[in-house]
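Coordinates from structure05.cif are shown below (mmCIF, C-alpha atoms).
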```cif
data_target
#
loop_
_atom_site.group_PDB
_atom_site.id
_atom_site.type_symbol
_atom_site.label_atom_id
_atom_site.label_comp_id
_atom_site.auth_asym_id
_atom_site.auth_seq_id
_atom_site.Cartn_x
_atom_site.Cartn_y
_atom_site.Cartn_z
ATOM 1 C CA MET A 1 2.169 27.685 23.725
ATOM 2 C CA ASN A 2 4.476 24.773 24.374
ATOM 3 C CA THR A 3 7.503 26.369 26.028
ATOM 4 C CA GLN A 4 9.664 23.323 25.449
ATOM 5 C CA THR A 5 9.011 23.482 21.740
ATOM 6 C CA ALA A 6 9.474 27.222 21.668
ATOM 7 C CA LYS A 7 12.848 27.002 23.411
ATOM 8 C CA ARG A 8 14.117 24.174 21.244
ATOM 9 C CA PRO A 9 16.234 25.521 18.398
ATOM 10 C CA MET A 10 15.255 24.418 14.912
ATOM 11 C CA SER A 11 18.622 22.795 14.364
ATOM 12 C CA ASP A 12 17.958 20.294 17.184
ATOM 13 C CA ASN A 13 16.427 17.819 14.755
ATOM 14 C CA LYS A 14 19.147 18.232 12.159
ATOM 15 C CA LYS A 15 22.153 15.965 12.178
ATOM 16 C CA ASN A 16 25.670 17.257 11.791
ATOM 17 C CA TYR A 17 27.000 14.801 9.256
ATOM 18 C CA SER A 18 30.358 15.321 7.591
ATOM 19 C CA GLU A 19 30.395 15.199 3.782
ATOM 20 C CA ARG A 20 31.944 11.751 4.001
ATOM 21 C CA GLU A 21 29.192 10.525 6.332
ATOM 22 C CA LYS A 22 26.511 11.920 4.024
ATOM 23 C CA VAL A 23 27.883 9.995 1.065
ATOM 24 C CA SER A 24 28.249 6.882 3.199
ATOM 25 C CA ILE A 25 24.617 7.064 4.383
ATOM 26 C CA PHE A 26 23.483 7.715 0.847
ATOM 27 C CA GLU A 27 25.362 4.773 -0.611
ATOM 28 C CA ASN A 28 24.781 2.279 2.193
ATOM 29 C CA GLU A 29 21.299 3.151 3.440
ATOM 30 C CA PHE A 30 19.524 4.828 0.524
ATOM 31 C CA MET A 31 20.847 3.196 -2.633
ATOM 32 C CA PRO A 32 19.947 -0.419 -1.655
ATOM 33 C CA HIS A 33 16.259 0.587 -2.013
ATOM 34 C CA ILE A 34 16.527 1.663 -5.636
ATOM 35 C CA ASP A 35 14.706 -1.446 -6.872
ATOM 36 C CA SER A 36 11.698 -0.835 -4.626
ATOM 37 C CA MET A 37 11.775 2.889 -5.348
ATOM 38 C CA TYR A 38 11.747 2.346 -9.100
ATOM 39 C CA ASN A 39 8.918 -0.177 -8.876
ATOM 40 C CA PHE A 40 6.867 2.207 -6.751
ATOM 41 C CA ALA A 41 7.525 5.055 -9.201
ATOM 42 C CA TYR A 42 6.712 2.878 -12.209
ATOM 43 C CA LYS A 43 3.439 1.705 -10.714
ATOM 44 C CA LEU A 44 2.473 5.319 -10.055
ATOM 45 C CA THR A 45 3.445 6.785 -13.420
ATOM 46 C CA PHE A 46 3.105 3.761 -15.785
ATOM 47 C CA ASP A 47 5.993 5.266 -17.749
ATOM 48 C CA GLU A 48 9.656 4.207 -17.658
ATOM 49 C CA GLU A 49 11.107 7.667 -18.284
ATOM 50 C CA GLU A 50 8.824 9.392 -15.788
ATOM 51 C CA ALA A 51 9.582 6.681 -13.235
ATOM 52 C CA LYS A 52 13.331 7.212 -13.730
ATOM 53 C CA ASP A 53 12.962 10.987 -13.353
ATOM 54 C CA LEU A 54 10.815 10.563 -10.262
ATOM 55 C CA VAL A 55 13.343 8.237 -8.631
ATOM 56 C CA GLN A 56 16.241 10.555 -9.510
ATOM 57 C CA ASP A 57 14.425 13.606 -8.128
ATOM 58 C CA THR A 58 13.606 11.685 -4.970
ATOM 59 C CA TYR A 59 17.210 10.629 -4.411
ATOM 60 C CA LEU A 60 18.491 14.152 -5.046
ATOM 61 C CA LYS A 61 15.969 15.536 -2.557
ATOM 62 C CA ALA A 62 16.974 12.823 -0.095
ATOM 63 C CA PHE A 63 20.607 13.929 -0.370
ATOM 64 C CA ARG A 64 19.709 17.581 -0.037
ATOM 65 C CA PHE A 65 17.715 16.917 3.129
ATOM 66 C CA ILE A 66 19.945 14.163 4.488
ATOM 67 C CA THR A 67 20.514 16.050 7.752
ATOM 68 C CA SER A 68 16.819 15.425 8.560
ATOM 69 C CA PHE A 69 17.410 11.688 8.363
ATOM 70 C CA GLU A 70 18.689 9.853 11.413
ATOM 71 C CA LYS A 71 21.342 7.333 10.467
ATOM 72 C CA GLY A 72 20.289 3.736 11.023
ATOM 73 C CA THR A 73 16.521 4.427 11.087
ATOM 74 C CA ASN A 74 13.950 3.370 8.492
ATOM 75 C CA ALA A 75 15.500 4.718 5.285
ATOM 76 C CA LYS A 76 13.085 2.890 3.015
ATOM 77 C CA ALA A 77 9.986 4.450 4.594
ATOM 78 C CA TRP A 78 11.690 7.882 4.600
ATOM 79 C CA LEU A 79 12.511 7.607 0.890
ATOM 80 C CA PHE A 80 9.044 6.333 -0.007
ATOM 81 C CA ARG A 81 7.506 9.301 1.747
ATOM 82 C CA ILE A 82 9.615 11.719 -0.315
ATOM 83 C CA LEU A 83 8.785 9.852 -3.525
ATOM 84 C CA LYS A 84 5.054 9.808 -2.784
ATOM 85 C CA ASN A 85 5.042 13.557 -2.024
ATOM 86 C CA SER A 86 7.033 14.320 -5.176
ATOM 87 C CA PHE A 87 4.586 12.318 -7.239
ATOM 88 C CA ILE A 88 1.522 13.986 -5.731
ATOM 89 C CA ASN A 89 2.957 17.518 -5.856
ATOM 90 C CA ASP A 90 4.857 17.483 -9.135
ATOM 91 C CA TYR A 91 4.334 14.501 -11.387
ATOM 92 C CA ARG A 92 0.620 14.004 -11.045
ATOM 93 C CA LYS A 93 0.048 17.644 -12.004
ATOM 94 C CA LYS A 94 2.087 17.469 -15.193
ATOM 95 C CA SER A 95 1.034 13.962 -16.143
ATOM 96 C CA LYS A 96 -0.581 13.749 -19.564
ATOM 97 C CA GLN A 97 -3.291 11.509 -18.207
ATOM 98 C CA PRO A 98 -5.169 12.983 -15.259
ATOM 99 C CA ALA A 99 -5.227 10.773 -12.189
ATOM 100 C CA LYS A 100 -8.418 8.820 -11.761
ATOM 101 C CA VAL A 101 -10.794 10.288 -9.237
ATOM 102 C CA ASP A 102 -11.173 7.992 -6.275
ATOM 103 C CA TYR A 103 -14.478 9.414 -5.107
ATOM 104 C CA GLN A 104 -16.461 7.619 -7.747
ATOM 105 C CA GLU A 105 -15.066 4.267 -6.701
ATOM 106 C CA VAL A 106 -15.660 5.035 -3.055
ATOM 107 C CA GLU A 107 -19.227 6.011 -3.826
ATOM 108 C CA THR A 108 -19.836 2.858 -5.843
ATOM 109 C CA TYR A 109 -18.444 0.818 -3.006
ATOM 110 C CA TYR A 110 -20.657 2.410 -0.403
ATOM 111 C CA ASN A 111 -23.767 2.311 -2.551
ATOM 112 C CA SER A 112 -23.489 -1.387 -3.234
ATOM 113 C CA GLU A 113 -25.719 -3.581 -1.145
ATOM 114 C CA ASN A 114 -24.452 -6.670 0.661
ATOM 115 C CA THR A 115 -21.138 -4.934 1.079
ATOM 116 C CA ASP A 116 -19.079 -7.990 1.916
ATOM 117 C CA SER A 117 -20.980 -10.750 0.182
ATOM 118 C CA ASN A 118 -20.659 -9.019 -3.188
ATOM 119 C CA LEU A 119 -16.926 -8.776 -2.913
ATOM 120 C CA THR A 120 -15.927 -12.372 -2.521
ATOM 121 C CA ILE A 121 -14.218 -14.246 -5.273
ATOM 122 C CA ASP A 122 -13.119 -17.841 -4.945
ATOM 123 C CA LEU A 123 -9.577 -18.060 -6.256
ATOM 124 C CA ARG A 124 -8.772 -21.406 -4.684
ATOM 125 C CA SER A 125 -8.927 -23.459 -7.868
ATOM 126 C CA GLU A 126 -5.793 -23.544 -9.992
ATOM 127 C CA THR A 127 -7.786 -23.095 -13.199
ATOM 128 C CA MET A 128 -9.316 -19.936 -11.852
ATOM 129 C CA GLN A 129 -5.932 -18.656 -10.674
ATOM 130 C CA ASN A 130 -4.385 -19.268 -14.085
ATOM 131 C CA ARG A 131 -7.278 -17.682 -15.925
ATOM 132 C CA ILE A 132 -7.493 -14.608 -13.750
ATOM 133 C CA GLY A 133 -3.768 -14.200 -13.054
ATOM 134 C CA ASP A 134 -2.969 -11.860 -15.925
ATOM 135 C CA GLU A 135 -5.889 -9.641 -15.078
ATOM 136 C CA VAL A 136 -4.590 -8.771 -11.599
ATOM 137 C CA THR A 137 -2.150 -6.162 -12.919
ATOM 138 C CA ASN A 138 -4.811 -4.535 -15.094
ATOM 139 C CA ALA A 139 -7.232 -4.486 -12.170
ATOM 140 C CA LEU A 140 -4.595 -2.974 -9.875
ATOM 141 C CA ASN A 141 -3.587 -0.352 -12.432
ATOM 142 C CA SER A 142 -7.192 0.686 -12.933
ATOM 143 C CA LEU A 143 -7.635 1.571 -9.255
ATOM 144 C CA GLY A 144 -7.530 5.214 -8.188
ATOM 145 C CA VAL A 145 -4.056 6.292 -7.113
ATOM 146 C CA ASP A 146 -4.785 6.425 -3.374
ATOM 147 C CA PHE A 147 -6.051 2.843 -3.400
ATOM 148 C CA ARG A 148 -3.236 1.665 -5.665
ATOM 149 C CA ILE A 149 -0.626 3.148 -3.342
ATOM 150 C CA VAL A 150 -1.822 1.267 -0.233
ATOM 151 C CA ILE A 151 -1.862 -2.047 -2.107
ATOM 152 C CA ILE A 152 1.670 -1.454 -3.416
ATOM 153 C CA LEU A 153 2.999 -0.408 -0.016
ATOM 154 C CA CYS A 154 1.417 -3.325 1.813
ATOM 155 C CA ASP A 155 1.308 -6.215 -0.637
ATOM 156 C CA LEU A 156 4.340 -5.479 -2.797
ATOM 157 C CA GLU A 157 6.698 -3.804 -0.342
ATOM 158 C CA GLY A 158 5.503 -5.318 2.926
ATOM 159 C CA PHE A 159 5.316 -2.085 4.920
ATOM 160 C CA THR A 160 3.514 -2.252 8.266
ATOM 161 C CA TYR A 161 0.384 -0.165 8.862
ATOM 162 C CA GLU A 162 2.449 2.147 11.073
ATOM 163 C CA GLU A 163 5.043 2.718 8.354
ATOM 164 C CA MET A 164 2.316 3.278 5.782
ATOM 165 C CA ALA A 165 0.652 5.835 8.062
ATOM 166 C CA LYS A 166 3.934 7.766 8.239
ATOM 167 C CA ILE A 167 4.582 7.558 4.500
ATOM 168 C CA LEU A 168 1.070 8.720 3.661
ATOM 169 C CA ASP A 169 0.536 11.179 6.540
ATOM 170 C CA ILE A 170 -2.734 9.567 7.541
ATOM 171 C CA PRO A 171 -3.907 7.802 10.742
ATOM 172 C CA ILE A 172 -3.417 4.022 11.043
ATOM 173 C CA GLY A 173 -7.207 3.550 11.063
ATOM 174 C CA THR A 174 -7.410 5.239 7.666
ATOM 175 C CA VAL A 175 -4.630 2.994 6.347
ATOM 176 C CA ARG A 176 -6.599 -0.069 7.464
ATOM 177 C CA SER A 177 -9.912 1.055 5.993
ATOM 178 C CA ARG A 178 -8.347 2.302 2.749
ATOM 179 C CA LEU A 179 -6.552 -1.007 2.296
ATOM 180 C CA HIS A 180 -9.784 -2.878 2.952
ATOM 181 C CA ARG A 181 -11.615 -0.780 0.352
ATOM 182 C CA ALA A 182 -8.772 -1.115 -2.142
ATOM 183 C CA ARG A 183 -8.765 -4.897 -1.883
ATOM 184 C CA ASN A 184 -12.526 -5.038 -2.175
ATOM 185 C CA LEU A 185 -12.405 -2.907 -5.304
ATOM 186 C CA LEU A 186 -9.694 -5.186 -6.688
ATOM 187 C CA LYS A 187 -11.692 -8.324 -5.876
ATOM 188 C CA ASP A 188 -14.796 -6.769 -7.372
ATOM 189 C CA LYS A 189 -12.987 -6.054 -10.643
ATOM 190 C CA LEU A 190 -11.619 -9.613 -10.723
ATOM 191 C CA ARG A 191 -15.009 -11.093 -9.882
ATOM 192 C CA LYS A 192 -16.609 -9.174 -12.762
ATOM 193 C CA TYR A 193 -13.800 -10.310 -15.052
ATOM 194 C CA ALA A 194 -14.289 -13.933 -13.945
ATOM 195 C CA GLN A 195 -18.008 -13.632 -14.615
ATOM 196 C CA SER A 196 -17.353 -12.241 -18.074
ATOM 197 C CA MET A 197 -15.198 -15.327 -18.706
ATOM 198 C CA GLY A 198 -18.106 -17.549 -17.771
ATOM 199 C CA TYR A 199 -17.194 -18.293 -14.149
ATOM 200 C CA LYS A 200 -19.669 -17.777 -11.377
ATOM 201 C CA MET B 1 -22.063 -15.579 14.996
ATOM 202 C CA GLY B 2 -20.255 -13.227 12.686
ATOM 203 C CA ASN B 3 -23.300 -11.017 12.171
ATOM 204 C CA ASN B 4 -24.361 -10.654 15.815
ATOM 205 C CA ASN B 5 -23.282 -7.040 15.995
ATOM 206 C CA SER B 6 -24.729 -6.015 12.653
ATOM 207 C CA THR B 7 -27.897 -4.404 13.897
ATOM 208 C CA LYS B 8 -27.019 -0.731 13.680
ATOM 209 C CA ASN B 9 -28.752 -0.043 10.396
ATOM 210 C CA ASP B 10 -30.056 -1.624 7.226
ATOM 211 C CA THR B 11 -26.696 -1.771 5.536
ATOM 212 C CA ALA B 12 -25.155 -3.537 8.490
ATOM 213 C CA THR B 13 -27.895 -6.115 8.708
ATOM 214 C CA LYS B 14 -27.598 -6.802 4.985
ATOM 215 C CA SER B 15 -23.891 -7.421 5.438
ATOM 216 C CA ARG B 16 -22.988 -11.048 5.982
ATOM 217 C CA PHE B 17 -20.356 -10.415 8.610
ATOM 218 C CA CYS B 18 -19.973 -7.874 11.340
ATOM 219 C CA GLU B 19 -17.461 -5.080 11.006
ATOM 220 C CA GLU B 20 -15.335 -6.374 13.873
ATOM 221 C CA PHE B 21 -14.891 -9.801 12.317
ATOM 222 C CA VAL B 22 -13.980 -8.440 8.867
ATOM 223 C CA GLU B 23 -11.483 -6.065 10.508
ATOM 224 C CA ILE B 24 -9.892 -8.811 12.616
ATOM 225 C CA VAL B 25 -9.514 -11.070 9.568
ATOM 226 C CA GLN B 26 -7.704 -8.278 7.724
ATOM 227 C CA LEU B 27 -5.421 -7.578 10.695
ATOM 228 C CA ILE B 28 -4.562 -11.272 11.033
ATOM 229 C CA LEU B 29 -3.815 -11.681 7.322
ATOM 230 C CA ASP B 30 -1.608 -8.572 7.319
ATOM 231 C CA GLY B 31 0.248 -9.670 10.460
ATOM 232 C CA GLU B 32 -1.095 -6.676 12.394
ATOM 233 C CA ALA B 33 -3.340 -8.431 14.922
ATOM 234 C CA THR B 34 -2.731 -7.963 18.648
ATOM 235 C CA GLU B 35 -3.001 -10.840 21.149
ATOM 236 C CA ASP B 36 -6.514 -9.617 21.997
ATOM 237 C CA HIS B 37 -7.508 -9.786 18.335
ATOM 238 C CA LYS B 38 -6.061 -13.293 18.017
ATOM 239 C CA ASN B 39 -7.848 -14.522 21.152
ATOM 240 C CA ARG B 40 -11.135 -13.019 20.004
ATOM 241 C CA PHE B 41 -10.633 -14.580 16.587
ATOM 242 C CA HIS B 42 -9.823 -18.116 17.817
ATOM 243 C CA ASN B 43 -12.083 -18.295 20.849
ATOM 244 C CA TYR B 44 -15.139 -16.622 19.355
ATOM 245 C CA TYR B 45 -15.241 -16.385 15.591
ATOM 246 C CA MET B 46 -13.522 -19.664 14.791
ATOM 247 C CA GLN B 47 -16.365 -21.509 16.495
ATOM 248 C CA CYS B 48 -18.621 -20.486 13.613
ATOM 249 C CA GLY B 49 -18.596 -22.479 10.365
ATOM 250 C CA ARG B 50 -19.515 -19.551 8.125
ATOM 251 C CA CYS B 51 -16.818 -17.393 9.703
ATOM 252 C CA ILE B 52 -14.240 -20.133 9.103
ATOM 253 C CA SER B 53 -15.302 -20.372 5.451
ATOM 254 C CA TYR B 54 -15.070 -16.599 5.029
ATOM 255 C CA TYR B 55 -11.627 -16.551 6.641
ATOM 256 C CA ASN B 56 -10.312 -19.369 4.426
ATOM 257 C CA LEU B 57 -11.644 -17.727 1.286
ATOM 258 C CA GLU B 58 -10.267 -14.330 2.254
ATOM 259 C CA ALA B 59 -6.887 -15.813 3.221
ATOM 260 C CA SER B 60 -6.485 -17.622 -0.105
ATOM 261 C CA THR B 61 -7.579 -14.557 -2.070
ATOM 262 C CA ILE B 62 -5.205 -12.167 -0.309
ATOM 263 C CA GLU B 63 -2.359 -14.685 -0.567
ATOM 264 C CA PHE B 64 -2.990 -15.082 -4.301
ATOM 265 C CA LEU B 65 -3.164 -11.327 -4.894
ATOM 266 C CA LYS B 66 0.032 -10.726 -2.926
ATOM 267 C CA LYS B 67 1.884 -13.419 -4.900
ATOM 268 C CA LYS B 68 0.703 -12.019 -8.225
ATOM 269 C CA ILE B 69 1.577 -8.452 -7.308
ATOM 270 C CA VAL B 70 5.052 -9.422 -6.071
ATOM 271 C CA LYS B 71 5.701 -11.296 -9.342
ATOM 272 C CA GLU B 72 4.980 -8.119 -11.313
ATOM 273 C CA ARG B 73 8.200 -6.401 -10.264
ATOM 274 C CA THR B 74 9.775 -4.320 -13.020
ATOM 275 C CA PRO B 75 13.572 -4.501 -13.452
ATOM 276 C CA VAL B 76 15.399 -1.253 -12.670
ATOM 277 C CA PRO B 77 17.129 0.348 -15.684
ATOM 278 C CA GLU B 78 20.816 -0.586 -15.439
ATOM 279 C CA ASP B 79 22.195 2.945 -15.591
ATOM 280 C CA LEU B 80 19.818 4.547 -13.074
ATOM 281 C CA GLY B 81 21.944 3.881 -9.988
ATOM 282 C CA LYS B 82 25.089 5.172 -11.700
ATOM 283 C CA GLN B 83 23.301 8.315 -12.923
ATOM 284 C CA ILE B 84 22.082 9.114 -9.433
ATOM 285 C CA LEU B 85 25.487 8.538 -7.838
ATOM 286 C CA SER B 86 27.236 10.728 -10.431
ATOM 287 C CA LYS B 87 24.788 13.589 -9.737
ATOM 288 C CA ILE B 88 25.402 13.218 -6.030
ATOM 289 C CA GLN B 89 29.140 13.719 -6.569
ATOM 290 C CA TYR B 90 28.394 17.269 -7.752
ATOM 291 C CA LEU B 91 26.280 18.013 -4.686
ATOM 292 C CA ALA B 92 28.659 16.476 -2.134
#
```
What would you get if you wrote out this structure as structure tokens?
Amino acid sequence: MNTQTAKRPMSDNKKNYSEREKVSIFENEFMPHIDSMYNFAYKLTFDEEEAKDLVQDTYLKAFRFITSFEKGTNAKAWLFRILKNSFINDYRKKSKQPAKVDYQEVETYYNSENTDSNLTIDLRSETMQNRIGDEVTNALNSLGVDFRIVIILCDLEGFTYEEMAKILDIPIGTVRSRLHRARNLLKDKLRKYAQSMGYK
Amino acid sequence: MGNNNSTKNDTATKSRFCEEFVEIVQLILDGEATEDHKNRFHNYYMQCGRCISYYNLEASTIEFLKKKIVKERTPVPEDLGKQILSKIQYLA
């Protein structure tokens, strides 16, 4: 038993903010991230109303638990973590469309031979970029939710691996490998699309 | 050069590039590489033509995907911020 932990009262980690401070933190540190929060929610739910509800619920939870947040620290990562947990625990369960199972994609990825050589697509030509551009969103949206989340966090929101690890509650090594797999799946979908359009 | 370490099993030998190289490329492109990674990358892997080609291809692909994904931002509904702030007034 860790005596230090045992002796430490629970309230040690809670901040004693006045009501005025709470509102100030909320308005100045939380609200500026509403654009990113909504985009994250929309890319998880694919539905404007559900995304709005998810963002509202997240902000209300954030206010309720504001004493767990240390003023001036990484509010965006803290909010994203709440939103991700709300989505996994509440929204995904009641969603009309069940979330895609990732295992199948993982299996396909591991069973493919020439792991890296298969997953290369040359997007350097402008023609190819223009042709394939519109398909990127479809390809991203068709990924399993765990893979979609890492791409959104890294490529859309620019979170570091360390921040992503905290948001997702997974080790940094898992963030790195999941991101690698997600991008390979994305490239594979785009490569197949390019082939169907007559490109090699 | 890039496949020197790929001798562990059949899958690894079939792979064009070793795991370390592919990992370092990803870390560099995501801005997560340490000085050790960067030194290894420049002093070892960038002496190999095939590794350079792979890196260039991967860099342009990731850059393209990032640009496309960033462009797909959805505008926030105008009233959402106001709705949230009004609900907070009741809780505060």
Dump as an NGL selection string the residues of chain B that approach chain A to within 9 Å, counting only C-alpha atoms. :B and (11-17 or 22-23 or 26-27 or 30-32 or 54 or 57-58 or 60-62 or 64-77 or 80-81 or 83-85 or 87-89 or 91-92)
With a distance cut-off of 9 Å and only C-alpha atoms, select the neighbouring residues of B:Leu29, excluding the residue or stretch itself and same-chain residues fewer than 4 positions from it, and output the selection as a ChimeraX atom specification. /B:24-25,33,58-59,62-63
Keeping C-alpha atoms, export the residues of the selection given above as a tab-separated table (two decimals), in the frame of the given file.
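Printed below is again-v8.tsv as written:
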```tsv
chain	number	residue	atom	x	y	z
B	24	ILE	CA	-9.89	-8.81	12.62
B	25	VAL	CA	-9.51	-11.07	9.57
B	33	ALA	CA	-3.34	-8.43	14.92
B	58	GLU	CA	-10.27	-14.33	2.25
B	59	ALA	CA	-6.89	-15.81	3.22
B	62	ILE	CA	-5.20	-12.17	-0.31
B	63	GLU	CA	-2.36	-14.68	-0.57
```
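Between B:Cys51 and the candidates B:Ile28, B:Cys18, B:Glu78, B:Lys38, the tightest atom-to-atom separation, counting only C-alpha atoms, involves B:Cys18.
Note that the spacing between atom CA of A:Lys76 and atom CA of A:Leu168 amounts to 13.4 Å.
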The distance between atom CA of A:Ser125 and atom CA of A:Ala194 is 12.5 Å
List the spatial neighbours of B:Arg40 as a PDB file with C-alpha atoms, in the frame of the given file - criterion: any atom at most 10 Å away, only C-alpha atoms, same-chain residues fewer than 5 positions off excluded.
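Once written, result32.pdb looks like this:
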```pdb
ATOM      1  CA  GLU B  20     -15.335  -6.374  13.873  1.00  0.00           C
ATOM      2  CA  PHE B  21     -14.891  -9.801  12.317  1.00  0.00           C
ATOM      3  CA  ILE B  24      -9.892  -8.811  12.616  1.00  0.00           C
ATOM      4  CA  THR B  34      -2.731  -7.963  18.648  1.00  0.00           C
ATOM      5  CA  GLU B  35      -3.001 -10.840  21.149  1.00  0.00           C
ATOM      6  CA  TYR B  45     -15.241 -16.385  15.591  1.00  0.00           C
ATOM      7  CA  MET B  46     -13.522 -19.664  14.791  1.00  0.00           C
TER       8      MET B  46
END
```
Exactly which residues make up the result of the PyMOL selection byres ((chain A and resi 169) around 12) on this file, given as a ChimeraX atom specification? /A:77-78,80-82,84-85,161-168,170-175
With 8 Å on each side, where is the centre of the axis-aligned box around all listed atoms of stretch 19-31 of chain B, and how long are its edges in Å to one decimal, as AutoDock Vina command-line options?
```
--center_x -8.6 --center_y -8.4 --center_z 10.6 --size_x 33.7 --size_y 22.6 --size_z 22.6
```
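Separating atom CA of A:Ile66 from atom CA of A:Asp47 is a distance of 27.7 Å.
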So which residues touch A:Phe87 within 9 Å, counting only C-alpha atoms, skipping near sequence neighbours fewer than 3 positions away, as a tab-separated table (two decimals) with C-alpha atoms, in the frame of the given file?
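Below is the file that was written, out-v8.tsv:
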```
chain	number	residue	atom	x	y	z
A	41	ALA	CA	7.52	5.06	-9.20
A	44	LEU	CA	2.47	5.32	-10.06
A	45	THR	CA	3.44	6.78	-13.42
A	54	LEU	CA	10.82	10.56	-10.26
A	82	ILE	CA	9.62	11.72	-0.32
A	83	LEU	CA	8.78	9.85	-3.52
A	84	LYS	CA	5.05	9.81	-2.78
A	90	ASP	CA	4.86	17.48	-9.14
A	91	TYR	CA	4.33	14.50	-11.39
A	92	ARG	CA	0.62	14.00	-11.04
A	93	LYS	CA	0.05	17.64	-12.00
```
Since the input has fewer atoms than a full residue there, write stretch 61-75 of chain B out with N, CA and C atoms, as a PDB file, keeping the file's coordinate frame.
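File written: rebuild-v6.pdb
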```
ATOM      1  N   THR B  61      -7.506 -15.657  -1.097  1.00  0.00           N
ATOM      2  CA  THR B  61      -7.579 -14.557  -2.070  1.00  0.00           C
ATOM      3  C   THR B  61      -6.441 -13.566  -1.862  1.00  0.00           C
ATOM      4  N   ILE B  62      -6.254 -13.154  -0.605  1.00  0.00           N
ATOM      5  CA  ILE B  62      -5.205 -12.167  -0.309  1.00  0.00           C
ATOM      6  C   ILE B  62      -3.828 -12.755  -0.637  1.00  0.00           C
ATOM      7  N   GLU B  63      -3.643 -14.033  -0.298  1.00  0.00           N
ATOM      8  CA  GLU B  63      -2.359 -14.685  -0.567  1.00  0.00           C
ATOM      9  C   GLU B  63      -2.096 -14.706  -2.079  1.00  0.00           C
ATOM     10  N   PHE B  64      -3.120 -15.036  -2.846  1.00  0.00           N
ATOM     11  CA  PHE B  64      -2.990 -15.082  -4.301  1.00  0.00           C
ATOM     12  C   PHE B  64      -2.663 -13.688  -4.857  1.00  0.00           C
ATOM     13  N   LEU B  65      -3.396 -12.686  -4.403  1.00  0.00           N
ATOM     14  CA  LEU B  65      -3.164 -11.327  -4.894  1.00  0.00           C
ATOM     15  C   LEU B  65      -1.745 -10.858  -4.561  1.00  0.00           C
ATOM     16  N   LYS B  66      -1.315 -11.140  -3.331  1.00  0.00           N
ATOM     17  CA  LYS B  66       0.032 -10.726  -2.926  1.00  0.00           C
ATOM     18  C   LYS B  66       1.080 -11.389  -3.821  1.00  0.00           C
ATOM     19  N   LYS B  67       0.919 -12.699  -4.055  1.00  0.00           N
ATOM     20  CA  LYS B  67       1.884 -13.419  -4.900  1.00  0.00           C
ATOM     21  C   LYS B  67       1.933 -12.825  -6.296  1.00  0.00           C
ATOM     22  N   LYS B  68       0.766 -12.559  -6.863  1.00  0.00           N
ATOM     23  CA  LYS B  68       0.703 -12.019  -8.225  1.00  0.00           C
ATOM     24  C   LYS B  68       1.354 -10.645  -8.294  1.00  0.00           C
ATOM     25  N   ILE B  69       1.068  -9.820  -7.308  1.00  0.00           N
ATOM     26  CA  ILE B  69       1.577  -8.452  -7.308  1.00  0.00           C
ATOM     27  C   ILE B  69       3.100  -8.453  -7.138  1.00  0.00           C
ATOM     28  N   VAL B  70       3.597  -9.335  -6.281  1.00  0.00           N
ATOM     29  CA  VAL B  70       5.052  -9.422  -6.071  1.00  0.00           C
ATOM     30  C   VAL B  70       5.750  -9.874  -7.349  1.00  0.00           C
ATOM     31  N   LYS B  71       5.108 -10.775  -8.094  1.00  0.00           N
ATOM     32  CA  LYS B  71       5.701 -11.296  -9.342  1.00  0.00           C
ATOM     33  C   LYS B  71       5.823 -10.223 -10.417  1.00  0.00           C
ATOM     34  N   GLU B  72       5.022  -9.156 -10.272  1.00  0.00           N
ATOM     35  CA  GLU B  72       4.980  -8.119 -11.313  1.00  0.00           C
ATOM     36  C   GLU B  72       6.081  -7.079 -11.166  1.00  0.00           C
ATOM     37  N   ARG B  73       7.138  -7.389 -10.456  1.00  0.00           N
ATOM     38  CA  ARG B  73       8.200  -6.401 -10.264  1.00  0.00           C
ATOM     39  C   ARG B  73       8.853  -6.064 -11.611  1.00  0.00           C
ATOM     40  N   THR B  74       9.156  -4.778 -11.780  1.00  0.00           N
ATOM     41  CA  THR B  74       9.775  -4.320 -13.020  1.00  0.00           C
ATOM     42  C   THR B  74      11.279  -4.149 -12.779  1.00  0.00           C
ATOM     43  N   PRO B  75      12.129  -4.674 -13.668  1.00  0.00           N
ATOM     44  CA  PRO B  75      13.572  -4.501 -13.452  1.00  0.00           C
ATOM     45  C   PRO B  75      13.991  -3.034 -13.540  1.00  0.00           C
TER      46      PRO B  75
END
```
